[in-house]
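S.K.: So that you have it, the file is run-v4.cif, and it contains mmCIF, C-alpha atoms:
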data_structure
#
loop_
_atom_site.label_atom_id
_atom_site.label_comp_id
_atom_site.auth_asym_id
_atom_site.auth_seq_id
_atom_site.Cartn_x
_atom_site.Cartn_y
_atom_site.Cartn_z
CA MET V 1 135.84 93.00 84.45
CA SER V 2 133.78 95.83 82.98
CA GLN V 3 130.65 93.64 83.09
CA THR V 4 131.30 92.83 86.76
CA LEU V 5 131.75 96.53 87.56
CA LYS V 6 128.55 97.37 85.69
CA THR V 7 126.63 94.73 87.67
CA HIS V 8 128.09 96.05 90.94
CA ASN V 9 127.08 99.61 90.04
CA GLY V 10 123.61 98.37 89.13
CA HIS V 11 123.19 96.74 92.55
CA LEU V 12 124.49 99.88 94.25
CA GLY V 13 122.04 102.00 92.27
CA VAL V 14 119.18 99.78 93.42
CA LEU V 15 120.29 100.01 97.06
CA VAL V 16 120.58 103.80 97.15
CA ILE V 17 117.14 104.20 95.53
CA LEU V 18 115.67 101.87 98.16
CA PHE V 19 117.40 103.93 100.88
CA ALA V 20 115.94 107.12 99.38
CA SER V 21 112.50 105.47 99.40
CA LEU V 22 112.96 104.59 103.07
CA LEU V 23 113.63 108.25 103.87
CA TRP V 24 110.66 109.41 101.78
CA GLY V 25 108.43 106.91 103.58
CA THR V 26 108.85 108.89 106.81
CA THR V 27 107.45 112.17 105.43
CA GLY V 28 103.77 111.44 105.98
CA THR V 29 104.30 110.39 109.59
CA ALA V 30 106.52 113.41 110.24
CA ALA V 31 103.85 115.72 108.81
CA THR V 32 101.25 114.42 111.28
CA TYR V 33 103.27 115.97 114.13
CA ALA V 34 102.50 119.42 112.71
CA PRO V 35 98.78 119.26 111.84
CA ASP V 36 98.36 123.05 111.97
CA ILE V 37 100.74 123.48 109.01
CA SER V 38 98.84 123.31 105.73
CA PRO V 39 99.91 120.54 103.33
CA LEU V 40 100.65 123.23 100.74
CA ALA V 41 103.08 124.97 103.11
CA ILE V 42 104.88 121.84 104.23
CA GLY V 43 105.19 120.65 100.64
CA ALA V 44 106.44 124.00 99.36
CA PHE V 45 108.95 124.43 102.20
CA SER V 46 110.37 120.90 102.22
CA MET V 47 110.73 120.61 98.46
CA GLY V 48 111.65 124.28 98.02
CA VAL V 49 114.42 124.37 100.62
CA GLY V 50 115.53 120.86 99.71
CA GLY V 51 115.68 121.98 96.08
CA LEU V 52 117.88 124.96 96.90
CA LEU V 53 120.21 122.69 98.89
CA LEU V 54 120.44 120.29 95.95
CA ALA V 55 121.19 123.19 93.59
CA LEU V 56 123.94 124.48 95.90
CA PHE V 57 125.31 120.95 96.32
CA ALA V 58 125.53 120.63 92.53
CA CYS V 59 126.71 124.19 91.86
CA ASN V 60 130.08 123.23 90.36
CA THR V 61 128.73 120.46 88.14
CA ILE V 62 125.81 122.64 86.99
CA ARG V 63 128.33 125.28 85.91
CA LYS V 64 130.28 122.66 83.93
CA ASP V 65 127.13 121.28 82.32
CA ARG V 66 125.44 124.63 81.66
CA ARG V 67 125.76 124.40 77.86
CA ILE V 68 124.16 120.95 77.70
CA LEU V 69 121.48 122.07 80.16
CA LYS V 70 120.72 125.09 77.99
CA SER V 71 120.36 122.90 74.91
CA ASN V 72 117.89 120.70 76.82
CA LYS V 73 115.95 123.54 78.45
CA ALA V 74 112.55 122.16 77.38
CA ILE V 75 113.15 118.96 79.35
CA LEU V 76 114.60 120.96 82.25
CA LEU V 77 111.61 123.31 82.45
CA THR V 78 109.16 120.41 82.16
CA GLY V 79 110.86 118.66 85.07
CA ALA V 80 110.92 121.84 87.18
CA LEU V 81 107.23 122.55 86.61
CA ALA V 82 106.28 118.97 87.46
CA LEU V 83 108.39 119.12 90.60
CA ALA V 84 106.65 122.32 91.72
CA VAL V 85 103.23 120.67 91.45
CA TYR V 86 104.22 117.32 92.97
CA PRO V 87 104.61 118.19 96.70
CA LEU V 88 101.43 120.28 96.71
CA ALA V 89 99.41 117.36 95.35
CA PHE V 90 101.28 114.74 97.40
CA TYR V 91 100.88 116.29 100.85
CA SER V 92 97.29 117.32 100.13
CA SER V 93 96.57 113.72 99.15
CA MET V 94 97.99 112.42 102.43
CA ARG V 95 96.04 114.98 104.45
CA MET V 96 92.73 114.07 102.76
CA ALA V 97 93.11 110.32 102.21
CA GLY V 98 95.42 109.38 105.08
CA VAL V 99 99.16 108.79 105.24
CA ALA V 100 99.11 105.21 103.99
CA ILE V 101 96.62 105.49 101.13
CA GLY V 102 97.86 108.93 100.02
CA THR V 103 101.44 107.71 99.77
CA VAL V 104 100.42 104.44 98.15
CA VAL V 105 98.37 106.02 95.35
CA SER V 106 100.89 108.80 94.71
CA ILE V 107 103.92 106.55 94.39
CA ALA V 108 102.30 103.40 93.04
CA SER V 109 100.76 105.21 90.08
CA ALA V 110 104.14 106.61 89.03
CA PRO V 111 105.41 103.45 87.23
CA PHE V 112 102.42 103.56 84.88
CA PHE V 113 103.15 107.17 83.95
CA VAL V 114 106.92 106.63 83.68
CA ALA V 115 106.39 103.65 81.39
CA PHE V 116 104.11 105.76 79.20
CA LEU V 117 106.67 108.59 79.00
CA GLU V 118 109.56 106.25 78.22
CA CYS V 119 107.58 104.45 75.52
CA LEU V 120 106.57 107.79 74.03
CA PHE V 121 109.91 109.60 74.18
CA GLY V 122 112.55 107.05 75.18
CA LYS V 123 115.26 105.75 72.88
CA GLU V 124 115.85 102.45 74.70
CA LYS V 125 113.52 99.59 75.52
CA THR V 126 113.27 99.56 79.31
CA ILE V 127 110.03 97.57 79.64
CA ASP V 128 110.45 93.80 79.51
CA THR V 129 108.53 90.75 80.74
CA ARG V 130 110.01 90.97 84.23
CA TRP V 131 108.98 94.64 84.46
CA VAL V 132 105.40 93.81 83.43
CA ILE V 133 105.18 90.95 85.95
CA SER V 134 106.62 93.21 88.65
CA LEU V 135 104.08 95.90 87.81
CA ILE V 136 101.15 93.45 87.98
CA VAL V 137 102.34 92.09 91.33
CA GLY V 138 102.97 95.58 92.70
CA ALA V 139 99.65 96.96 91.41
CA THR V 140 97.79 94.04 93.01
CA GLY V 141 99.54 94.79 96.29
CA ILE V 142 98.63 98.46 96.01
CA LEU V 143 94.98 97.57 95.30
CA LEU V 144 94.78 95.30 98.35
CA LEU V 145 96.35 97.94 100.58
CA THR V 146 94.05 100.66 99.25
CA LEU V 147 90.89 98.56 99.66
CA SER V 148 91.97 97.61 103.17
CA GLU V 149 92.30 101.29 104.06
CA THR V 150 89.05 102.50 102.51
CA SER V 151 87.01 99.64 104.01
CA THR V 152 87.69 100.97 107.51
CA SER V 153 85.77 104.20 106.81
CA THR V 154 82.01 104.16 106.22
CA GLN V 155 80.99 107.79 106.65
CA THR V 156 80.05 109.41 103.34
CA ASP V 157 81.96 112.64 103.94
CA ILE V 158 85.11 110.74 104.92
CA GLN V 159 84.83 108.56 101.82
CA HIS V 160 84.34 111.67 99.68
CA MET V 161 87.51 113.20 101.11
CA LYS V 162 89.38 109.96 100.45
CA PHE V 163 88.33 109.94 96.79
CA ILE V 164 89.50 113.53 96.37
CA GLY V 165 92.74 112.50 98.06
CA ILE V 166 93.10 109.59 95.64
CA ALA V 167 92.62 111.95 92.66
CA LEU V 168 95.31 114.25 94.05
CA GLY V 169 97.50 111.18 94.55
CA LEU V 170 97.18 110.34 90.86
CA LEU V 171 98.20 113.90 89.99
CA ALA V 172 101.18 113.53 92.33
CA GLY V 173 102.08 110.24 90.65
CA PHE V 174 102.01 111.82 87.20
CA THR V 175 104.15 114.81 88.21
CA TYR V 176 106.56 112.55 90.12
CA ALA V 177 106.95 110.38 87.04
CA THR V 178 107.46 113.45 84.86
CA TYR V 179 110.35 114.94 86.82
CA ALA V 180 111.96 111.50 87.33
CA TRP V 181 111.77 110.94 83.56
CA ALA V 182 113.13 114.45 82.90
CA ALA V 183 116.08 113.84 85.23
CA LYS V 184 116.85 110.53 83.51
CA MET V 185 116.66 112.17 80.07
CA LEU V 186 119.13 114.86 81.14
CA ILE V 187 121.49 112.21 82.51
CA THR V 188 121.16 110.26 79.26
CA GLU V 189 122.19 113.40 77.35
CA GLY V 190 125.51 113.37 79.24
CA ILE V 191 124.62 115.66 82.13
CA HIS V 192 125.97 114.67 85.55
CA SER V 193 123.30 113.28 87.88
CA LYS V 194 124.05 116.04 90.41
CA SER V 195 123.54 118.67 87.72
CA ALA V 196 120.31 117.08 86.49
CA MET V 197 118.74 116.82 89.94
CA GLY V 198 120.17 120.12 91.17
CA SER V 199 118.97 122.14 88.19
CA ILE V 200 115.46 120.64 88.18
CA PHE V 201 115.08 121.11 91.92
CA GLY V 202 116.66 124.55 91.90
CA LEU V 203 114.22 125.86 89.30
CA GLY V 204 111.32 124.05 90.94
CA SER V 205 112.14 125.63 94.30
CA LEU V 206 111.95 129.10 92.74
CA LEU V 207 108.37 128.28 91.76
CA LEU V 208 107.47 126.76 95.14
CA LEU V 209 108.97 129.09 97.75
CA PRO V 210 106.94 132.24 96.89
CA SER V 211 103.74 130.37 97.81
CA LEU V 212 104.90 130.36 101.46
CA PHE V 213 103.93 134.04 101.69
CA PHE V 214 100.31 132.85 101.49
CA THR V 215 100.45 129.41 103.16
CA GLY V 216 103.38 129.39 105.59
CA GLY V 217 101.88 131.23 108.56
CA ASN V 218 102.32 128.40 111.10
CA LEU V 219 105.51 126.95 109.65
CA PHE V 220 107.72 128.09 112.55
CA ALA V 221 104.99 128.79 115.13
CA THR V 222 106.21 126.09 117.55
CA PRO V 223 109.47 124.16 118.09
CA ILE V 224 107.76 120.99 116.84
CA ASN V 225 106.61 122.71 113.65
CA THR V 226 110.13 124.03 113.09
CA SER V 227 111.68 120.60 113.70
CA VAL V 228 109.27 118.92 111.29
CA ALA V 229 109.86 121.52 108.57
CA LEU V 230 113.66 121.32 108.86
CA TYR V 231 113.66 117.52 109.00
CA MET V 232 111.52 117.30 105.86
CA ALA V 233 113.79 119.68 103.95
CA PHE V 234 117.17 118.27 104.97
CA VAL V 235 116.63 114.51 105.32
CA PRO V 236 113.94 113.10 102.98
CA MET V 237 114.21 115.88 100.41
CA PHE V 238 117.90 116.78 100.26
CA LEU V 239 119.57 113.51 101.29
CA GLY V 240 116.87 111.36 99.70
CA TYR V 241 117.12 113.02 96.29
CA VAL V 242 120.93 113.02 96.33
CA CYS V 243 120.68 109.23 96.65
CA PHE V 244 117.92 109.02 94.04
CA GLY V 245 119.94 111.04 91.53
CA TYR V 246 122.96 108.80 92.08
CA GLY V 247 120.82 105.71 91.52
CA LEU V 248 119.46 107.06 88.23
CA LYS V 249 122.97 106.90 86.77
CA THR V 250 122.71 103.10 86.55
CA VAL V 251 118.97 102.43 86.89
CA SER V 252 116.31 103.27 84.28
CA ALA V 253 113.51 105.65 85.25
CA SER V 254 110.88 102.91 84.81
CA LYS V 255 112.78 100.52 87.08
CA ALA V 256 113.52 103.28 89.61
CA SER V 257 109.81 104.13 89.79
CA LEU V 258 109.04 100.49 90.62
CA LEU V 259 111.74 100.41 93.29
CA THR V 260 110.18 103.45 94.94
CA LEU V 261 107.13 101.29 95.70
CA PHE V 262 109.15 100.59 98.84
CA GLU V 263 108.12 104.07 100.01
CA PRO V 264 104.37 103.38 100.43
CA ALA V 265 105.15 100.11 102.22
CA VAL V 266 107.37 102.01 104.67
CA ALA V 267 104.77 104.76 105.00
CA ALA V 268 102.02 102.23 105.72
CA VAL V 269 104.04 100.58 108.48
CA PHE V 270 104.84 103.95 110.08
CA ALA V 271 101.19 105.00 109.72
CA VAL V 272 100.10 101.95 111.71
CA VAL V 273 102.87 101.86 114.32
CA VAL V 274 103.27 105.60 114.94
CA VAL V 275 100.14 107.39 113.72
CA GLY V 276 97.65 104.69 114.71
CA GLU V 277 95.99 104.13 111.33
CA HIS V 278 94.42 100.71 110.79
CA ILE V 279 95.33 98.28 108.01
CA GLY V 280 93.49 94.98 107.66
CA VAL V 281 94.86 91.54 106.82
CA SER V 282 94.42 92.13 103.08
CA GLY V 283 96.44 95.33 103.42
CA TRP V 284 99.37 93.51 104.96
CA GLY V 285 99.09 90.96 102.16
CA GLY V 286 99.32 93.89 99.75
CA ILE V 287 102.50 95.09 101.45
CA GLY V 288 103.89 91.57 101.02
CA LEU V 289 103.17 91.69 97.28
CA ILE V 290 104.91 95.07 97.06
CA MET V 291 107.96 93.44 98.63
CA VAL V 292 107.80 90.66 96.00
CA CYS V 293 107.66 93.35 93.31
CA LEU V 294 110.79 94.94 94.76
CA LEU V 295 112.63 91.61 94.87
CA LEU V 296 111.76 90.95 91.22
CA GLN V 297 113.18 94.33 90.22
CA SER V 298 116.21 94.16 92.52
CA TYR V 299 117.33 90.73 91.28
CA GLN V 300 119.70 90.99 88.34
CA PRO V 301 120.45 87.55 86.84
CA LYS V 302 123.69 87.19 84.95
CA ASN V 303 123.13 86.81 81.25
CA ARG V 304 125.16 84.47 79.07
CA GLU V 305 127.63 87.19 78.06
CA SER V 306 128.34 88.22 81.64
CA LEU V 307 128.84 84.58 82.68
CA LEU V 308 131.36 84.07 79.89
CA ALA V 309 133.13 87.29 80.85
CA THR V 310 133.36 86.15 84.47
CA GLN V 311 134.68 82.71 83.49
CA SER V 312 137.35 84.23 81.25
CA GLN V 313 138.82 86.35 84.07
#
Any chance you could put this one into structure tokens?
M.R.:
Amino acid sequence: MSQTLKTHNGHLGVLVILFASLLWGTTGTAATYAPDISPLAIGAFSMGVGGLLLALFACNTIRKDRRILKSNKAILLTGALALAVYPLAFYSSMRMAGVAIGTVVSIASAPFFVAFLECLFGKEKTIDTRWVISLIVGATGILLLTLSETSTSTQTDIQHMKFIGIALGLLAGFTYATYAWAAKMLITEGIHSKSAMGSIFGLGSLLLLPSLFFTGGNLFATPINTSVALYMAFVPMFLGYVCFGYGLKTVSASKASLLTLFEPAVAAVFAVVVVGEHIGVSGWGGIGLIMVCLLLQSYQPKNRESLLATQSQ
């Protein structure tokens, strides 16, 4: 019975992380509706306000877990600092390299960095043969999608901007992996997922929001700008990370980072359908490989022990 419940919770964790990735995949397209807002401002506002909402949402559990949080303050501060850098690099990457390629590089590089962090600091083995195969398939898909995007631009200055955007995407991937790993480490130490996410995002928002004094001039200049800013803060950031934190209770950080490869696939589709960006045949093949990667990670075969447990019920 306990094995069946564990499997059910594992499937639920996978589903809520995929749902969070779906919400995150809309951010790049939403940002294109407010081009006069700087990527630094939209990143600071969405993650900053979303972080405060997460902290308020987790206020009671943070209070209960305050002693454990205090004893793990190094991990907490590392996660908060990484979170403060992430949206600035992420939205700048999308602005310079395009919605599809910026999202793809930012999110697709995260599994590499998460795997490195878990191998370096983790206590459990979370990387197996299926994970490696999934990573190879997903990375191939990402490469095809990226090459498809860059091949459509031939002007030197545009290509130069894209390469800078790719570099910022790698920075975003590293910081994303760092705060996801930090959240998982806090949860592993016995801290509630709401407390882990709420405390990291709450501290991160305190670092992000002051930057709006210098970058947020057009944030509420028009109704569209206001709508975009509020949508980004409340839906992808707040709701998305509530779901992500819940999923981390039953899903390892390395597996969660692979599941979030669903985000660039969603972002690429929205970029083509809504924004009007072009993706070639190889790019769509890359999206297909990303889907295969997700299926490999989502499938949880019953091992011999779980089969025996089911038969004995």
S.K.: Name all residues at most 9 Å from segment 269-284 of chain V (count all atoms listed in the file; drop same-chain ones fewer than 3 positions away) and give them as a list in words.
M.R.: Gly25, Thr26, Gly28, Thr29, Thr32, Gly98, Val99, Ala100, Gly141, Ile142, Leu143, Leu144, Leu145, Thr146, Leu147, Ser148, Glu149, Ser151, Thr152, Pro264, Ala265, Val266, Ile287, Gly288 and Leu289 of chain V
S.K.: So, counting all atoms listed in the file, which residue among V:Ala20, V:Ile224, V:Leu170, V:Leu12 is closest to Glu263 of chain V?
M.R.: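 The answer is V:Ala20, which sits nearest to Glu263 of chain V.
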S.K.: Mind pulling up the distance from atom CA of Ala55 of chain V to atom CA of Ile191 of chain V?
M.R.: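 Between these atoms lies a distance of 14.1 Å.
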S.K.: Would you please work out which residue, of V:Leu206, V:Ala41, V:Val132, V:Leu296, is nearest to Pro111 of chain V when using only C-alpha atoms?
M.R.: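 Looking at the shortest contact to Pro111 of chain V, the residue is V:Val132.
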S.K.: Would you list the residues near (118.4, 109.1, 93.1), meaning any protein, DNA or RNA residue with an atom at most 9 Å from that point in file coordinates, counting all atoms listed in the file, as a CSV table (one decimal) with C-alpha atoms, in the frame of the given file?
M.R.:
chain,number,residue,atom,x,y,z
V,13,GLY,CA,122.0,102.0,92.3
V,16,VAL,CA,120.6,103.8,97.2
V,17,ILE,CA,117.1,104.2,95.5
V,20,ALA,CA,115.9,107.1,99.4
V,180,ALA,CA,112.0,111.5,87.3
V,193,SER,CA,123.3,113.3,87.9
V,197,MET,CA,118.7,116.8,89.9
V,240,GLY,CA,116.9,111.4,99.7
V,241,TYR,CA,117.1,113.0,96.3
V,242,VAL,CA,120.9,113.0,96.3
V,243,CYS,CA,120.7,109.2,96.6
V,244,PHE,CA,117.9,109.0,94.0
V,245,GLY,CA,119.9,111.0,91.5
V,246,TYR,CA,123.0,108.8,92.1
V,247,GLY,CA,120.8,105.7,91.5
V,248,LEU,CA,119.5,107.1,88.2
V,249,LYS,CA,123.0,106.9,86.8
V,256,ALA,CA,113.5,103.3,89.6
S.K.: To verify the selection step, state as a VMD selection string which residues the PyMOL selection byres ((chain V and resi 108) around 9) yields on this input.
M.R.: chain V and resid 103 to 107 109 to 112 138 to 139 142 170 173 257 to 258 260 to 261 264
S.K.: Of the candidates V:Ala89, V:Met237, V:Ile166, V:Ala177, which one gets nearest to Ala115 of chain V if we count all atoms listed in the file?
M.R.: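 Closest residue, counting all atoms listed in the file: V:Ala177.
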S.K.: Go through V:Ile133, V:Ile62, V:Met94, V:Cys293 one by one, measure the shortest atom-to-atom distance of each to Ala268 of chain V using only C-alpha atoms, and give the residue with the smallest value.
M.R.: V:Met94
S.K.: Find the residue from V:Ser134, V:Thr178, V:Arg63, V:Ser227 that sits nearest to Met291 of chain V; use all atoms listed in the file when measuring.
M.R.: V:Ser134
S.K.: Give one line per residue of segment 181-219 of chain V that approaches segment 69-80 of chain V to at most 8 Å, naming the two atoms of the closest pair and their distance in Å to one decimal, counting all atoms listed in the file; sort by chain then ascending residue number and deliver it as a tab-separated table.
M.R.:
residue	atom	partner	partner_atom	distance
V:Trp181	CA	V:Gly79	CA	7.9
V:Ala182	CA	V:Gly79	CA	5.3
V:Ala183	CA	V:Gly79	CA	7.1
V:Met185	CA	V:Ile75	CA	7.7
V:Leu186	CA	V:Asn72	CA	7.4
V:Ile191	CA	V:Leu69	CA	7.4
V:Ser199	CA	V:Leu76	CA	7.5
V:Ile200	CA	V:Ala80	CA	4.8
V:Phe201	CA	V:Ala80	CA	6.3
V:Gly202	CA	V:Ala80	CA	7.9
V:Leu203	CA	V:Ala80	CA	5.6
V:Gly204	CA	V:Ala80	CA	4.4
S.K.: Please report as a Markdown table every residue of segment 201-280 of chain V lying within 10 Å of segment 45-54 of chain V, along with the nearest atom pair and their distance in Å (one decimal), using only C-alpha atoms.
M.R.:
| residue | atom | partner | partner_atom | distance |
| --- | --- | --- | --- | --- |
| V:Phe201 | CA | V:Gly51 | CA | 4.3 |
| V:Gly202 | CA | V:Gly51 | CA | 5.0 |
| V:Leu203 | CA | V:Gly51 | CA | 7.9 |
| V:Gly204 | CA | V:Gly51 | CA | 7.1 |
| V:Ser205 | CA | V:Gly48 | CA | 4.0 |
| V:Leu206 | CA | V:Gly48 | CA | 7.2 |
| V:Leu207 | CA | V:Gly48 | CA | 8.1 |
| V:Leu208 | CA | V:Gly48 | CA | 5.6 |
| V:Leu209 | CA | V:Gly48 | CA | 5.5 |
| V:Pro210 | CA | V:Gly48 | CA | 9.3 |
| V:Ser211 | CA | V:Phe45 | CA | 9.0 |
| V:Leu212 | CA | V:Phe45 | CA | 7.2 |
| V:Thr215 | CA | V:Phe45 | CA | 9.9 |
| V:Gly216 | CA | V:Phe45 | CA | 8.2 |
| V:Leu219 | CA | V:Phe45 | CA | 8.6 |
| V:Val228 | CA | V:Ser46 | CA | 9.3 |
| V:Ala229 | CA | V:Ser46 | CA | 6.4 |
| V:Leu230 | CA | V:Ser46 | CA | 7.4 |
| V:Tyr231 | CA | V:Ser46 | CA | 8.3 |
| V:Met232 | CA | V:Ser46 | CA | 5.2 |
| V:Ala233 | CA | V:Ser46 | CA | 4.0 |
| V:Phe234 | CA | V:Gly50 | CA | 6.1 |
| V:Val235 | CA | V:Gly50 | CA | 8.5 |
| V:Pro236 | CA | V:Gly50 | CA | 8.6 |
| V:Met237 | CA | V:Gly50 | CA | 5.2 |
| V:Phe238 | CA | V:Gly50 | CA | 4.8 |
| V:Leu239 | CA | V:Gly50 | CA | 8.5 |
| V:Gly240 | CA | V:Gly50 | CA | 9.6 |
| V:Tyr241 | CA | V:Leu54 | CA | 8.0 |
| V:Val242 | CA | V:Leu54 | CA | 7.3 |
S.K.: Quick one: of V:Asn60, V:Phe19, V:Ser38, V:Ala221, who's nearest to Lys194 of chain V, counting all atoms listed in the file?
M.R.: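 Checking each of V:Asn60, V:Phe19, V:Ser38, V:Ala221 against Lys194 of chain V, counting all atoms listed in the file, the winner is V:Asn60.
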S.K.: Measure the distance from atom CA of Asn225 of chain V to atom CA of Ile37 of chain V in Å and round it to one decimal.
M.R.: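 Computing the Euclidean distance for atom CA of Asn225 of chain V and atom CA of Ile37 of chain V yields 7.5 Å.
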S.K.: Take atom CA of Ala267 of chain V and atom CA of Ser252 of chain V and report the distance between them in Å, one decimal.
M.R.: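 Taking atom CA of Ala267 of chain V and atom CA of Ser252 of chain V, their separation equals 23.8 Å.
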S.K.: Mind rebuilding segment 255-268 of chain V with N, CA and C atoms and writing that out as a compact mmCIF listing (two decimals), in the frame of the given file?
M.R.:
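Saved as out.txt:
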# COMPACT_ATOMS: atom_id res chain seq x y z
N LYS V 255 112.41 101.43 86.00
CA LYS V 255 112.78 100.52 87.08
C LYS V 255 112.86 101.27 88.41
N ALA V 256 113.41 102.48 88.38
CA ALA V 256 113.52 103.28 89.61
C ALA V 256 112.14 103.56 90.18
N SER V 257 111.16 103.84 89.31
CA SER V 257 109.81 104.13 89.79
C SER V 257 109.18 102.90 90.45
N LEU V 258 109.53 101.70 89.97
CA LEU V 258 109.04 100.49 90.62
C LEU V 258 109.72 100.28 91.97
N LEU V 259 111.02 100.56 92.02
CA LEU V 259 111.74 100.41 93.29
C LEU V 259 111.20 101.34 94.36
N THR V 260 110.71 102.50 93.95
CA THR V 260 110.18 103.45 94.94
C THR V 260 108.83 103.00 95.51
N LEU V 261 108.31 101.85 95.05
CA LEU V 261 107.13 101.29 95.70
C LEU V 261 107.45 100.87 97.13
N PHE V 262 108.75 100.84 97.46
CA PHE V 262 109.15 100.59 98.84
C PHE V 262 108.66 101.71 99.76
N GLU V 263 108.55 102.92 99.20
CA GLU V 263 108.12 104.07 100.01
C GLU V 263 106.72 103.89 100.61
N PRO V 264 105.68 103.54 99.81
CA PRO V 264 104.37 103.38 100.43
C PRO V 264 104.31 102.25 101.44
N ALA V 265 105.12 101.20 101.24
CA ALA V 265 105.15 100.11 102.22
C ALA V 265 105.71 100.63 103.55
N VAL V 266 106.79 101.40 103.47
CA VAL V 266 107.37 102.01 104.67
C VAL V 266 106.37 102.97 105.31
N ALA V 267 105.74 103.79 104.48
CA ALA V 267 104.77 104.76 105.00
C ALA V 267 103.60 104.08 105.68
N ALA V 268 103.15 102.95 105.12
CA ALA V 268 102.02 102.23 105.72
C ALA V 268 102.39 101.67 107.08
